[in-house]
file my_file.txt (compact mmCIF, C-alpha atoms (C1' of nucleotides))
# COMPACT_ATOMS: atom_id res chain seq x y z
CA MET A 804 85.01 114.69 103.16
CA LYS A 805 82.00 113.48 105.05
CA LYS A 806 81.81 110.14 103.33
CA ARG A 807 84.99 108.98 104.97
CA ILE A 808 83.90 109.86 108.50
CA GLN A 809 80.52 108.28 108.02
CA ARG A 810 82.06 105.15 106.62
CA GLN A 811 84.37 104.84 109.57
CA GLU A 812 81.44 105.28 111.91
CA VAL A 813 79.72 102.38 110.22
CA ILE A 814 82.85 100.30 110.52
CA ARG A 815 83.03 101.03 114.24
CA ASP A 816 79.45 99.90 114.64
CA ILE A 817 79.69 96.76 112.65
CA VAL A 818 82.93 95.72 114.30
CA ARG A 819 81.32 96.19 117.68
CA ARG A 820 78.25 94.23 116.73
CA GLU A 821 79.68 91.36 114.76
CA ARG A 822 82.78 89.26 114.59
CA ILE A 823 84.45 90.65 111.55
CA ARG A 824 87.33 88.54 110.41
CA THR A 825 88.46 90.09 107.14
CA GLN A 826 88.56 93.48 105.52
CA HIS A 827 86.69 92.00 102.63
CA GLU A 828 83.74 91.32 104.93
CA ILE A 829 83.68 95.00 105.76
CA VAL A 830 83.78 95.94 102.11
CA GLU A 831 80.80 93.70 101.42
CA PHE A 832 78.86 95.03 104.36
CA LEU A 833 79.50 98.60 103.34
CA GLN A 834 78.47 97.94 99.77
CA GLU A 835 75.21 96.47 101.00
CA HIS A 836 74.69 99.72 102.89
CA GLY A 837 75.36 102.14 100.10
CA PHE A 838 79.06 102.75 100.55
CA LYS A 839 81.39 101.99 97.71
CA CYS A 840 85.00 101.32 98.54
CA THR A 841 87.78 98.81 98.22
CA GLN A 842 89.85 96.75 100.59
CA ALA A 843 92.68 99.28 100.34
CA THR A 844 90.49 101.99 101.80
CA ILE A 845 89.33 99.70 104.57
CA SER A 846 92.91 98.91 105.42
CA ARG A 847 93.54 102.61 105.93
CA ASP A 848 90.33 103.06 107.88
CA ILE A 849 91.35 100.24 110.16
CA GLU A 850 94.66 101.92 110.74
CA GLU A 851 92.93 105.17 111.65
CA LEU A 852 90.29 103.54 113.80
CA LYS A 853 93.02 101.66 115.63
CA LEU A 854 91.41 98.33 115.03
CA THR A 855 93.44 95.28 115.88
CA LYS A 856 92.90 91.60 115.43
CA SER A 857 92.12 90.07 118.75
CA THR A 858 92.41 86.52 119.94
CA GLY A 859 90.02 84.62 117.79
CA GLY A 860 90.99 86.50 114.68
CA HIS A 861 88.33 89.18 114.63
CA TYR A 862 88.75 92.91 114.69
CA VAL A 863 88.40 94.84 117.92
CA LEU A 864 88.47 98.55 118.65
CA ALA A 865 91.55 99.52 120.61
CA GLU A 866 89.38 101.22 123.20
CA ASP A 867 87.50 97.97 123.71
CA GLN A 868 90.58 95.87 123.77
CA HIS A 869 91.62 96.67 127.29
CA LEU A 870 88.26 95.65 128.73
CA GLN A 871 88.06 92.67 126.48
CA ARG A 872 91.45 91.41 127.57
CA MET A 873 90.80 92.03 131.24
CA VAL A 874 87.53 90.18 131.06
CA HIS A 875 88.95 87.40 128.96
CA ASP A 876 91.96 86.95 131.18
CA LEU A 877 90.53 87.57 134.61
CA VAL A 878 86.79 86.98 134.73
CA GLU A 879 85.67 83.51 135.70
CA LYS A 880 81.92 83.80 135.92
CA VAL A 881 79.16 86.23 135.11
CA ASP A 882 75.65 86.07 136.57
CA ARG A 883 72.71 88.36 136.71
CA ALA A 884 70.00 89.12 139.20
CA GLY A 885 67.46 91.64 138.00
CA ASN A 886 69.28 94.81 137.09
CA MET A 887 72.54 93.70 138.69
CA VAL A 888 75.34 91.82 136.99
CA VAL A 889 77.57 89.82 139.29
CA VAL A 890 81.09 89.23 138.06
CA HIS A 891 83.53 86.81 139.62
CA ALA A 892 87.16 87.58 138.87
CA GLN A 893 90.38 85.86 139.77
CA GLY A 894 91.50 86.53 143.31
CA GLY A 895 92.37 90.15 143.92
CA THR A 896 91.54 91.40 140.48
CA ALA A 897 87.95 92.51 140.93
CA ALA A 898 88.88 96.13 141.50
CA GLY A 899 90.95 96.16 138.37
CA VAL A 900 88.19 94.63 136.31
CA ALA A 901 85.75 97.11 137.76
CA ALA A 902 88.03 99.96 136.79
CA ALA A 903 88.19 98.64 133.26
CA ILE A 904 84.42 98.34 133.11
CA ASP A 905 83.95 101.85 134.44
CA GLN A 906 86.46 103.16 131.97
CA ALA A 907 84.78 101.44 129.04
CA ASN A 908 81.57 103.29 129.76
CA LEU A 909 79.31 100.41 128.85
CA ASN A 910 75.83 101.53 127.97
CA GLY A 911 73.43 101.16 130.86
CA ILE A 912 75.87 100.74 133.71
CA LEU A 913 75.18 103.18 136.53
CA GLY A 914 78.18 102.15 138.57
CA THR A 915 80.25 99.31 139.93
CA VAL A 916 81.07 98.10 143.41
CA SER A 917 83.93 95.72 143.91
CA GLY A 918 85.21 93.50 146.65
CA ASP A 919 88.22 91.28 146.35
CA THR A 920 87.07 88.66 143.89
CA THR A 921 83.56 89.80 143.11
CA LEU A 922 82.16 92.93 141.62
CA LEU A 923 78.68 94.21 141.04
CA CYS A 924 77.54 96.20 138.03
CA VAL A 925 74.45 98.16 138.83
CA CYS A 926 72.47 98.74 135.65
CA SER A 927 69.61 101.11 135.04
CA ASP A 928 67.19 98.29 134.37
CA GLU A 929 66.97 94.60 133.72
CA GLU A 930 67.16 94.96 129.98
CA LYS A 931 70.42 96.85 130.20
CA ALA A 932 71.74 94.32 132.66
CA ILE A 933 71.04 91.56 130.18
CA MET A 934 72.99 93.44 127.55
CA VAL A 935 75.89 93.99 129.89
CA GLU A 936 75.91 90.36 130.90
CA GLU A 937 75.91 89.33 127.28
CA GLU A 938 78.70 91.74 126.49
CA LEU A 939 80.86 90.38 129.27
CA LEU A 940 80.18 86.78 128.31
CA TYR A 941 81.09 87.72 124.78
CA PHE A 942 84.36 89.16 125.96
CA MET A 943 85.02 86.06 128.00
CA GLY A 944 84.77 84.17 124.76
CA SER A 945 81.88 82.09 125.96
CA ILE A 946 79.22 83.08 123.51
CA ARG A 947 78.79 84.35 120.03
CA LYS A 948 77.33 87.80 120.14
CA SER A 949 73.70 88.02 119.16
CA MET B 896 113.38 63.85 115.13
CA LYS B 897 115.62 65.83 117.37
CA LYS B 898 116.20 68.58 114.86
CA ARG B 899 112.64 69.74 115.10
CA ILE B 900 112.61 69.95 118.88
CA GLN B 901 115.93 71.75 118.95
CA ARG B 902 114.77 74.19 116.33
CA GLN B 903 111.66 74.97 118.31
CA GLU B 904 113.76 75.52 121.41
CA VAL B 905 115.80 78.05 119.51
CA ILE B 906 112.64 79.74 118.31
CA ARG B 907 111.37 79.99 121.88
CA ASP B 908 114.60 81.61 122.93
CA ILE B 909 114.85 84.07 120.14
CA VAL B 910 111.22 85.08 120.45
CA ARG B 911 111.73 85.72 124.14
CA ARG B 912 114.88 87.72 123.58
CA GLU B 913 114.02 89.78 120.54
CA ARG B 914 111.06 91.38 118.92
CA ILE B 915 110.43 89.06 116.04
CA ARG B 916 107.95 90.42 113.58
CA THR B 917 107.93 87.96 110.69
CA GLN B 918 108.45 84.29 110.16
CA HIS B 919 111.07 85.19 107.62
CA GLU B 920 113.13 86.79 110.35
CA ILE B 921 113.08 83.50 112.20
CA VAL B 922 114.14 81.63 109.10
CA GLU B 923 117.09 83.96 108.65
CA PHE B 924 118.10 83.71 112.29
CA LEU B 925 117.95 79.94 112.18
CA GLN B 926 119.97 79.77 109.01
CA GLU B 927 122.64 81.89 110.64
CA HIS B 928 122.69 79.34 113.44
CA GLY B 929 122.99 76.22 111.37
CA PHE B 930 119.36 75.28 110.92
CA LYS B 931 117.99 75.01 107.44
CA CYS B 932 114.27 75.39 107.00
CA THR B 933 111.61 77.38 105.21
CA GLN B 934 108.84 79.71 106.22
CA ALA B 935 106.31 76.89 105.94
CA THR B 936 108.07 74.94 108.65
CA ILE B 937 108.25 77.99 110.86
CA SER B 938 104.57 78.54 110.39
CA ARG B 939 103.96 75.06 111.76
CA ASP B 940 106.43 75.52 114.58
CA ILE B 941 104.67 78.69 115.57
CA GLU B 942 101.40 76.84 115.65
CA GLU B 943 102.88 74.17 117.91
CA LEU B 944 104.68 76.62 120.16
CA LYS B 945 101.45 78.57 120.53
CA LEU B 946 103.04 81.79 119.49
CA THR B 947 100.74 84.70 118.84
CA LYS B 948 101.27 88.16 117.56
CA SER B 949 101.00 90.64 120.36
CA THR B 950 100.31 94.33 120.36
CA GLY B 951 103.18 95.82 118.49
CA GLY B 952 103.16 93.09 115.92
CA HIS B 953 105.78 90.80 117.37
CA TYR B 954 105.49 87.19 118.39
CA VAL B 955 104.91 86.23 122.00
CA LEU B 956 104.73 82.87 123.72
CA ALA B 957 101.21 82.11 124.86
CA GLU B 958 102.48 81.42 128.35
CA ASP B 959 103.99 84.89 128.45
CA GLN B 960 101.02 86.60 126.95
CA HIS B 961 98.92 86.92 130.06
CA LEU B 962 101.67 88.58 132.04
CA GLN B 963 102.69 90.67 129.10
CA ARG B 964 99.18 91.96 128.58
CA MET B 965 98.61 92.66 132.24
CA VAL B 966 101.85 94.56 132.48
CA HIS B 967 101.32 96.36 129.23
CA ASP B 968 97.78 97.35 130.09
CA LEU B 969 98.03 98.02 133.80
CA VAL B 970 101.54 98.86 134.89
CA GLU B 971 102.49 102.51 134.93
CA LYS B 972 105.95 102.54 136.42
CA VAL B 973 108.68 100.15 137.43
CA ASP B 974 111.52 101.00 139.78
CA ARG B 975 114.11 99.08 141.62
CA ALA B 976 115.82 99.36 144.99
CA GLY B 977 118.46 96.75 145.62
CA ASN B 978 116.88 93.37 145.29
CA MET B 979 113.34 94.77 145.27
CA VAL B 980 111.36 95.77 142.22
CA VAL B 981 108.61 98.29 142.85
CA VAL B 982 105.73 98.22 140.42
CA HIS B 983 103.04 100.87 140.17
CA ALA B 984 99.82 99.67 138.63
CA GLN B 985 96.58 101.39 137.79
CA GLY B 986 94.34 101.88 140.77
CA GLY B 987 93.10 98.66 142.27
CA THR B 988 94.95 96.36 139.95
CA ALA B 989 98.14 95.70 141.88
CA ALA B 990 96.85 92.44 143.29
CA GLY B 991 95.92 91.23 139.87
CA VAL B 992 99.29 92.12 138.43
CA ALA B 993 100.98 90.44 141.36
CA ALA B 994 98.99 87.29 140.70
CA ALA B 995 100.06 87.33 137.09
CA ILE B 996 103.69 87.79 138.07
CA ASP B 997 103.49 84.98 140.59
CA GLN B 998 101.87 82.75 138.05
CA ALA B 999 104.49 83.48 135.41
CA ASN B 1000 107.18 82.18 137.72
CA LEU B 1001 109.77 84.70 136.68
CA ASN B 1002 113.26 83.57 137.41
CA GLY B 1003 114.62 85.03 140.62
CA ILE B 1004 111.41 86.25 142.20
CA LEU B 1005 110.99 84.95 145.73
CA GLY B 1006 107.56 86.44 146.22
CA THR B 1007 105.33 89.44 145.77
CA VAL B 1008 103.50 91.71 148.17
CA SER B 1009 100.78 93.96 146.89
CA GLY B 1010 98.81 96.88 148.13
CA ASP B 1011 96.20 98.69 146.15
CA THR B 1012 98.22 100.37 143.45
CA THR B 1013 101.72 99.25 144.28
CA LEU B 1014 103.35 95.89 144.48
CA LEU B 1015 106.74 94.71 145.52
CA CYS B 1016 108.68 91.89 143.92
CA VAL B 1017 111.23 90.49 146.30
CA CYS B 1018 114.10 89.00 144.33
CA SER B 1019 116.86 86.74 145.51
CA ASP B 1020 119.52 89.30 144.76
CA GLU B 1021 120.15 92.55 142.98
CA GLU B 1022 121.17 90.92 139.74
CA LYS B 1023 117.92 89.03 139.53
CA ALA B 1024 116.01 92.17 140.41
CA ILE B 1025 117.64 93.96 137.51
CA MET B 1026 116.55 91.18 135.19
CA VAL B 1027 113.01 91.28 136.49
CA GLU B 1028 112.87 95.04 136.15
CA GLU B 1029 114.10 94.78 132.59
CA GLU B 1030 111.60 92.09 131.83
CA LEU B 1031 108.72 94.18 133.11
CA LEU B 1032 109.89 97.27 131.27
CA TYR B 1033 110.10 95.17 128.15
CA PHE B 1034 106.55 94.00 128.65
CA MET B 1035 105.43 97.57 129.18
CA GLY B 1036 106.81 98.26 125.75
CA SER B 1037 109.28 100.80 127.03
CA ILE B 1038 112.54 99.20 126.06
CA ARG B 1039 114.07 96.87 123.60
CA LYS B 1040 115.21 93.80 125.39
CA SER B 1041 118.93 93.39 125.75
C1' DT C 389 116.07 43.12 107.25
C1' DG C 390 111.98 44.36 104.66
C1' DT C 391 107.73 46.69 104.81
C1' DA C 392 104.17 49.55 106.53
C1' DA C 393 102.89 53.42 109.22
C1' DT C 394 103.99 57.83 110.88
C1' DC C 395 106.34 62.04 111.11
C1' DT C 396 108.65 66.05 109.13
C1' DT C 397 109.63 69.00 105.59
C1' DG C 398 109.68 71.76 101.20
C1' DC C 399 107.21 73.39 97.36
C1' DA C 400 103.66 75.69 95.37
C1' DT C 401 99.89 78.33 96.00
C1' DG C 402 96.09 81.08 97.76
C1' DG C 403 94.08 84.15 101.13
C1' DG C 404 94.47 88.35 103.76
C1' DT C 405 96.64 92.75 104.34
C1' DA C 406 99.65 96.92 103.54
C1' DT C 407 101.42 100.38 100.53
C1' DG C 408 103.59 103.16 96.47
C1' DC C 409 101.82 105.63 92.92
C1' DG C 410 98.75 108.23 90.25
C1' DT C 411 94.16 110.40 89.77
C1' DG C 412 90.32 113.21 90.86
C1' DC C 413 88.32 116.56 93.67
C1' DA C 414 87.73 120.34 96.72
C1' DA C 415 89.34 124.31 99.28
C1' DA C 416 92.48 128.21 99.40
C1' DG C 417 94.94 131.69 97.30
C1' DA C 418 96.51 134.71 93.42
C1' DT D 139 89.00 132.20 86.76
C1' DC D 140 93.35 129.82 87.04
C1' DT D 141 96.73 127.67 89.95
C1' DT D 142 98.25 125.42 93.96
C1' DT D 143 97.88 122.40 97.67
C1' DG D 144 96.30 118.66 100.19
C1' DC D 145 93.25 114.90 100.94
C1' DA D 146 90.78 110.56 99.82
C1' DC D 147 90.69 106.94 97.00
C1' DG D 148 91.48 102.93 93.66
C1' DC D 149 94.67 100.08 91.27
C1' DA D 150 98.28 97.18 91.21
C1' DT D 151 101.41 94.83 93.68
C1' DA D 152 104.29 92.97 97.30
C1' DC D 153 104.43 91.14 101.74
C1' DC D 154 103.10 87.89 105.37
C1' DC D 155 101.22 83.73 106.54
C1' DA D 156 98.60 79.06 106.20
C1' DT D 157 97.93 74.76 103.96
C1' DG D 158 97.28 70.74 100.48
C1' DC D 159 100.20 67.67 98.49
C1' DA D 160 103.98 64.75 97.73
C1' DA D 161 108.55 63.22 98.90
C1' DG D 162 111.97 61.98 102.12
C1' DA D 163 113.14 60.49 106.81
C1' DT D 164 112.19 57.85 110.78
C1' DT D 165 110.09 54.45 113.60
C1' DA D 166 107.53 50.18 114.55
C1' DC D 167 106.90 45.74 113.74
C1' DA D 168 106.82 41.25 111.70
call {"tool": "encode", "arguments": {"input": "my_file.txt", "output": "structure tokens"}}
result
Amino acid sequence: MKKRIQRQEVIRDIVRRERIRTQHEIVEFLQEHGFKCTQATISRDIEELKLTKSTGGHYVLAEDQHLQRMVHDLVEKVDRAGNMVVVHAQGGTAAGVAAAIDQANLNGILGTVSGDTTLLCVCSDEEKAIMVEEELLYFMGSIRKS
Amino acid sequence: MKKRIQRQEVIRDIVRRERIRTQHEIVEFLQEHGFKCTQATISRDIEELKLTKSTGGHYVLAEDQHLQRMVHDLVEKVDRAGNMVVVHAQGGTAAGVAAAIDQANLNGILGTVSGDTTLLCVCSDEEKAIMVEEELLYFMGSIRKS
DNA sequence: TGTAATCTTGCATGGGTATGCGTGCAAAGA
DNA sequence: TCTTTGCACGCATACCCATGCAAGATTACA
């Protein structure tokens, strides 16, 4: 069944892009995009996709959860200078945060360098850096994702 | 009202000691211990106690959540030698885990020393070290708390 | 002490989610 | 082609939790 895989792909995307709070929201979104399904199916998709409700009551992909938690719990400030994103983490945790960022494979990050409390994300260009900064701020809980 | 405060104390305890999954479980436990209340009251208590559902679907005190997450996400192994607990964390994160442990003020920990991937919890005696080890293993999700 | 204000709780209910069961469909095999 | 098997799904329903409302309990105050 290709429908199912495709649908789950769409769910991944939309959950990454927006703050989805209920399975019904997903059903509506899918229906607007040509998929026809019910909440029951979404419940099973969510199980398979390993989505969990994060702090704030919206769904998060398990693979994103680790980074999200690390950033939420440990990052204190995020700045940007050109194509570099500067992240300040709680004392001694920068390396850990950097590892989480590396592991998450965020789009546009070439690499990270970390000291004790600060780490640098080197991005391919300024545009990507802006996206990374936004992503991190989003994970911190500071902003609503655009 | 003293009843309410006492009841919430009991809820704190039981949530710390056992993996509580539903509010109904709390109601039953309380009724077995002489408190009489309904799920609605528990719902409000949980709100006030700042309990949240953690990974695994059981309730966790907010104040424990940070440590629990850090340990769950980052710690790979916990051992003990006498009054020392040896914790192996994912590369570069030992300092961060140590900070979380310090911050959580676990009973019996005199202090922590951390390298890059390993940290040492120095406990006041062997008994305390056993408790700390158990606590950390519990947070890792490895064991059911005794 | 009487009354008003506040707090605490239970009841009833609704929203959000999970799941048993049956159906339809497609692939594999006879 | 007919049968079997397994998967994906919807329907109905039950579970889990939050909350408006009203009543009872408690406290504050005159």
call {"tool": "atom_distance", "arguments": {"input": "my_file.txt", "atom1": "CA of Ile912 in chain A", "atom2": "CA of Leu939 in chain A"}}
result
12.3 Å
call {"tool": "residues_around", "arguments": {"input": "my_file.txt", "residues": "range 145-155 of chain D", "least_positions_apart": "4", "cutoff": "8 Å", "atoms": "only C-alpha atoms (C1' of nucleotides)", "output": "PDB file with C-alpha atoms (C1' of nucleotides), in the frame of the given file"}}
result
ATOM      1  CA  MET A 804      85.010 114.690 103.160  1.00  0.00           C
ATOM      2  CA  ARG A 807      84.990 108.980 104.970  1.00  0.00           C
ATOM      3  CA  THR A 841      87.780  98.810  98.220  1.00  0.00           C
ATOM      4  CA  ALA A 843      92.680  99.280 100.340  1.00  0.00           C
ATOM      5  CA  THR A 844      90.490 101.990 101.800  1.00  0.00           C
TER       6      THR A 844
ATOM      7  CA  THR B 917     107.930  87.960 110.690  1.00  0.00           C
ATOM      8  CA  SER B 938     104.570  78.540 110.390  1.00  0.00           C
TER       9      SER B 938
ATOM     10  C1'  DA C 406      99.650  96.920 103.540  1.00  0.00           C
TER      11       DA C 406
END
call {"tool": "axis_aligned_box", "arguments": {"input": "my_file.txt", "around": "range 152-162 of chain D", "padding_each_side": "6 Å", "output": "JSON"}}
result
{"center_x": 104.6, "center_y": 77.5, "center_z": 101.9, "size_x": 26.7, "size_y": 43.0, "size_z": 21.2}
call {"tool": "residues_around", "arguments": {"input": "my_file.txt", "residues": "Lys931 in chain B", "least_positions_apart": "2", "cutoff": "12 Å", "atoms": "all atoms listed in the file", "output": "PyMOL selection string"}}
result
(chain B and resi 898-899+902+921-929+933-937) or (chain C and resi 397-398)
call {"tool": "closest_atom_pairs", "arguments": {"input": "my_file.txt", "of": "chain A", "to": "chain B", "cutoff": "10 Å", "atoms": "all atoms listed in the file", "output": "tab-separated table"}}
result
residue	atom	partner	partner_atom	distance
A:Thr855	CA	B:Thr950	CA	8.3
A:Lys856	CA	B:Lys948	CA	9.3
A:Ser857	CA	B:Ser949	CA	9.0
A:Thr858	CA	B:Thr947	CA	8.6
A:Gln868	CA	B:Asp968	CA	9.7
A:His869	CA	B:Asp968	CA	6.8
A:Leu870	CA	B:Asp968	CA	9.8
A:Arg872	CA	B:Arg964	CA	7.8
A:Met873	CA	B:Met965	CA	7.9
A:Asp876	CA	B:His961	CA	7.0
A:Leu877	CA	B:Gly991	CA	8.4
A:Ala892	CA	B:Gly991	CA	9.5
A:Gln893	CA	B:Gly991	CA	7.7
A:Gly894	CA	B:Gly991	CA	7.3
A:Gly895	CA	B:Ala990	CA	5.1
A:Thr896	CA	B:Gly991	CA	4.4
A:Ala897	CA	B:Thr988	CA	8.0
A:Ala898	CA	B:Gly987	CA	5.0
A:Gly899	CA	B:Thr988	CA	4.3
A:Val900	CA	B:Thr988	CA	7.9
A:Ala901	CA	B:Gly987	CA	8.8
A:Ala902	CA	B:Gly987	CA	7.6
A:Ala903	CA	B:Thr988	CA	9.8
A:Ser917	CA	B:Gly987	CA	9.8
A:Asp919	CA	B:Ala990	CA	9.2
call {"tool": "closest_atom_pairs", "arguments": {"input": "my_file.txt", "of": "chain C", "to": "chain B", "cutoff": "12 Å", "atoms": "all atoms listed in the file", "output": "Markdown table"}}
result
| residue | atom | partner | partner_atom | distance |
| --- | --- | --- | --- | --- |
| C:DT394 | C1' | B:Met896 | CA | 11.9 |
| C:DC395 | C1' | B:Met896 | CA | 8.3 |
| C:DT396 | C1' | B:Met896 | CA | 8.0 |
| C:DT397 | C1' | B:Thr936 | CA | 6.9 |
| C:DG398 | C1' | B:Thr933 | CA | 7.2 |
| C:DC399 | C1' | B:Ala935 | CA | 9.3 |
| C:DA400 | C1' | B:Ala935 | CA | 11.0 |
| C:DT401 | C1' | B:Ala935 | CA | 11.9 |
call {"tool": "atom_distance", "arguments": {"input": "my_file.txt", "atom1": "CA of Asp1020 in chain B", "atom2": "CA of Gly1006 in chain B"}}
result
12.4 Å
call {"tool": "atom_distance", "arguments": {"input": "my_file.txt", "atom1": "CA of Gly918 in chain A", "atom2": "CA of Asp905 in chain A"}}
result
14.8 Å
call {"tool": "decode", "arguments": {"input": "my_file.txt", "residues": "range 914-939 of chain B", "atoms": "C-alpha atoms", "output": "mmCIF file, in the first residue's frame"}}
result
data_model
loop_
_atom_site.group_PDB
_atom_site.id
_atom_site.type_symbol
_atom_site.label_atom_id
_atom_site.label_comp_id
_atom_site.auth_asym_id
_atom_site.auth_seq_id
_atom_site.Cartn_x
_atom_site.Cartn_y
_atom_site.Cartn_z
ATOM 1 C CA ARG B 914 5.241 4.284 37.750
ATOM 2 C CA ILE B 915 1.805 5.782 37.848
ATOM 3 C CA ARG B 916 0.121 5.807 34.498
ATOM 4 C CA THR B 917 -3.414 7.029 35.155
ATOM 5 C CA GLN B 918 -5.177 9.316 37.538
ATOM 6 C CA HIS B 919 -7.445 6.444 38.374
ATOM 7 C CA GLU B 920 -4.488 4.532 39.756
ATOM 8 C CA ILE B 921 -3.846 7.420 42.105
ATOM 9 C CA VAL B 922 -7.456 7.469 43.196
ATOM 10 C CA GLU B 923 -7.307 3.772 44.006
ATOM 11 C CA PHE B 924 -4.040 4.102 45.878
ATOM 12 C CA LEU B 925 -5.387 6.982 47.919
ATOM 13 C CA GLN B 926 -8.566 5.146 48.748
ATOM 14 C CA GLU B 927 -6.512 2.232 50.003
ATOM 15 C CA HIS B 928 -4.740 4.701 52.261
ATOM 16 C CA GLY B 929 -7.740 6.384 53.753
ATOM 17 C CA PHE B 930 -8.221 9.287 51.380
ATOM 18 C CA LYS B 931 -11.486 9.600 49.566
ATOM 19 C CA CYS B 932 -11.509 11.574 46.353
ATOM 20 C CA THR B 933 -12.353 11.386 42.684
ATOM 21 C CA GLN B 934 -10.432 11.625 39.459
ATOM 22 C CA ALA B 935 -11.454 15.260 39.069
ATOM 23 C CA THR B 936 -9.681 16.187 42.272
ATOM 24 C CA ILE B 937 -6.597 14.279 41.224
ATOM 25 C CA SER B 938 -6.597 16.097 37.940
ATOM 26 C CA ARG B 939 -6.425 19.367 39.844
#
